[in-house]
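Comments concern the structure below.
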Amino acid sequence: MINEYETIERKELLELVQEIYNSGQRLQRLIQNTLLYAELELAEANLDRIKLLQGNINSVKHIISHLALKKAKLENRENDLVMELEDGSVCISETNLEKILEELLDNAFKFSLSGYSVHISSKFDNMFHLYVTDKGRGMTNVQIAGIGAYIQFERKIYEQQGVGLGLIITRRLVEFAGGNLIIESEAGKGTTVHVSLPRE
């Protein structure tokens, strides 16, 4: 671009700049996830570090809906997003809840086709429950059991960005908040991730 900018058409230049920007965003997220994963691994052996990761949210509905709409818009999937959200309090920091939701939505949109719904729901009993469901390619039980750091499934078949840290970071953040993460999936039919977190 620097060497040939005088001969590049404006539309092509804009496309190139957009791709550079998107690549930069992906790289930034990769670096952030790598650093966060290292921080979480250190925190696992240090109770004081775990306490620093904890927090409390009084009203969770707005946070979820705002982030979900933002993510759907970025993916050009606003029409695919379905939300059924109850409001209430949950014992986790806003930053960590947003990170959990970001990673789950990223997977739901990434591994499902446009035109198929991505469903987000939340409800409360003695715990806060968050469900993210897609109708994508799904996972086998072996793949679910094999979730770990730097693991991507079927990368030779599907072109994927990132290094495979999203789900393990999500699981760590949920566990550090005193919650639980369950993945239910069927290959070729879709996936539901159920996050449960303690309330106040």
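Within each chain, counting starts at residue 1; across the structure tokens, chains are named A, B, ... in the order shown, with ligands numbered 1 upward in that order.
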
message: Could you list, as a list in words, every residue within 7 Å of A:Asn96, counting only C-alpha atoms and ignoring same-chain residues fewer than 4 positions away?
response: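 Answer for this query is Ile92, Ile100 and Leu173 of chain A.
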
Rows by chain and residue number, stretch 25-134 of chain A within 8 Å of stretch 187-199 of chain A, shortest pair, only C-alpha atoms, as a tab-separated table:
```
residue	atom	partner	partner_atom	distance
A:Ser89	CA	A:Arg199	CA	5.9
A:Val90	CA	A:Arg199	CA	4.3
A:Cys91	CA	A:Arg199	CA	5.3
A:Ile92	CA	A:Leu197	CA	7.8
A:Leu104	CA	A:Val193	CA	7.6
A:Ala108	CA	A:Thr191	CA	7.9
A:Ser112	CA	A:Gly190	CA	7.9
A:Asn126	CA	A:Arg199	CA	7.0
A:Met127	CA	A:Pro198	CA	4.9
A:Phe128	CA	A:Leu197	CA	5.1
A:His129	CA	A:Ser196	CA	4.5
A:Leu130	CA	A:Val195	CA	5.1
A:Tyr131	CA	A:His194	CA	4.6
A:Val132	CA	A:Val193	CA	5.3
A:Thr133	CA	A:Thr192	CA	4.2
A:Asp134	CA	A:Gly190	CA	5.4
```

Once you have the residues from the selection above, write them out as a PDB file, in the first residue's frame, restricted to C-alpha atoms.
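Saved as result-v8.pdb:
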```pdb
ATOM      1  CA  SER A  89     -27.668  -9.883  40.928  1.00  0.00           C
ATOM      2  CA  VAL A  90     -24.687 -12.178  40.486  1.00  0.00           C
ATOM      3  CA  CYS A  91     -21.363 -12.591  42.275  1.00  0.00           C
ATOM      4  CA  ILE A  92     -18.806 -11.874  39.564  1.00  0.00           C
ATOM      5  CA  LEU A 104     -19.208 -17.788  24.320  1.00  0.00           C
ATOM      6  CA  ALA A 108     -21.572 -19.347  18.828  1.00  0.00           C
ATOM      7  CA  SER A 112     -22.787 -21.398  13.148  1.00  0.00           C
ATOM      8  CA  ASN A 126     -30.606 -20.054  44.063  1.00  0.00           C
ATOM      9  CA  MET A 127     -27.991 -19.446  41.335  1.00  0.00           C
ATOM     10  CA  PHE A 128     -27.688 -17.280  38.240  1.00  0.00           C
ATOM     11  CA  HIS A 129     -27.943 -19.328  35.037  1.00  0.00           C
ATOM     12  CA  LEU A 130     -26.731 -18.176  31.630  1.00  0.00           C
ATOM     13  CA  TYR A 131     -27.311 -20.232  28.474  1.00  0.00           C
ATOM     14  CA  VAL A 132     -25.792 -19.600  25.048  1.00  0.00           C
ATOM     15  CA  THR A 133     -27.149 -21.882  22.316  1.00  0.00           C
ATOM     16  CA  ASP A 134     -26.227 -22.094  18.641  1.00  0.00           C
TER      17      ASP A 134
END
```

message: as number ranges by chain, please: every residue in stretch 1-197 of chain A that DSSP puts in helix (DSSP H, G or I).
response: A: 10-43, 47-52, 61-74, 78-80, 94-110, 141-145, 166-176

- prompt: A:Glu102: which residues within 8 Å, counting only C-alpha atoms, same-chain residues fewer than 5 positions away excluded, as a count of residues only?
  reply: 3

query: When you draw a straight line from atom CA of A:Ser185 to atom CA of A:Met139, how long is it in Å?
result: 5.5 Å

query: Of the candidates A:Lys123, A:Thr95, A:Leu16, A:Phe109, which one gets nearest to A:Lys73 if we count only C-alpha atoms?
result: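 Of A:Lys123, A:Thr95, A:Leu16, A:Phe109, the one nearest A:Lys73, counting only C-alpha atoms, is A:Phe109.
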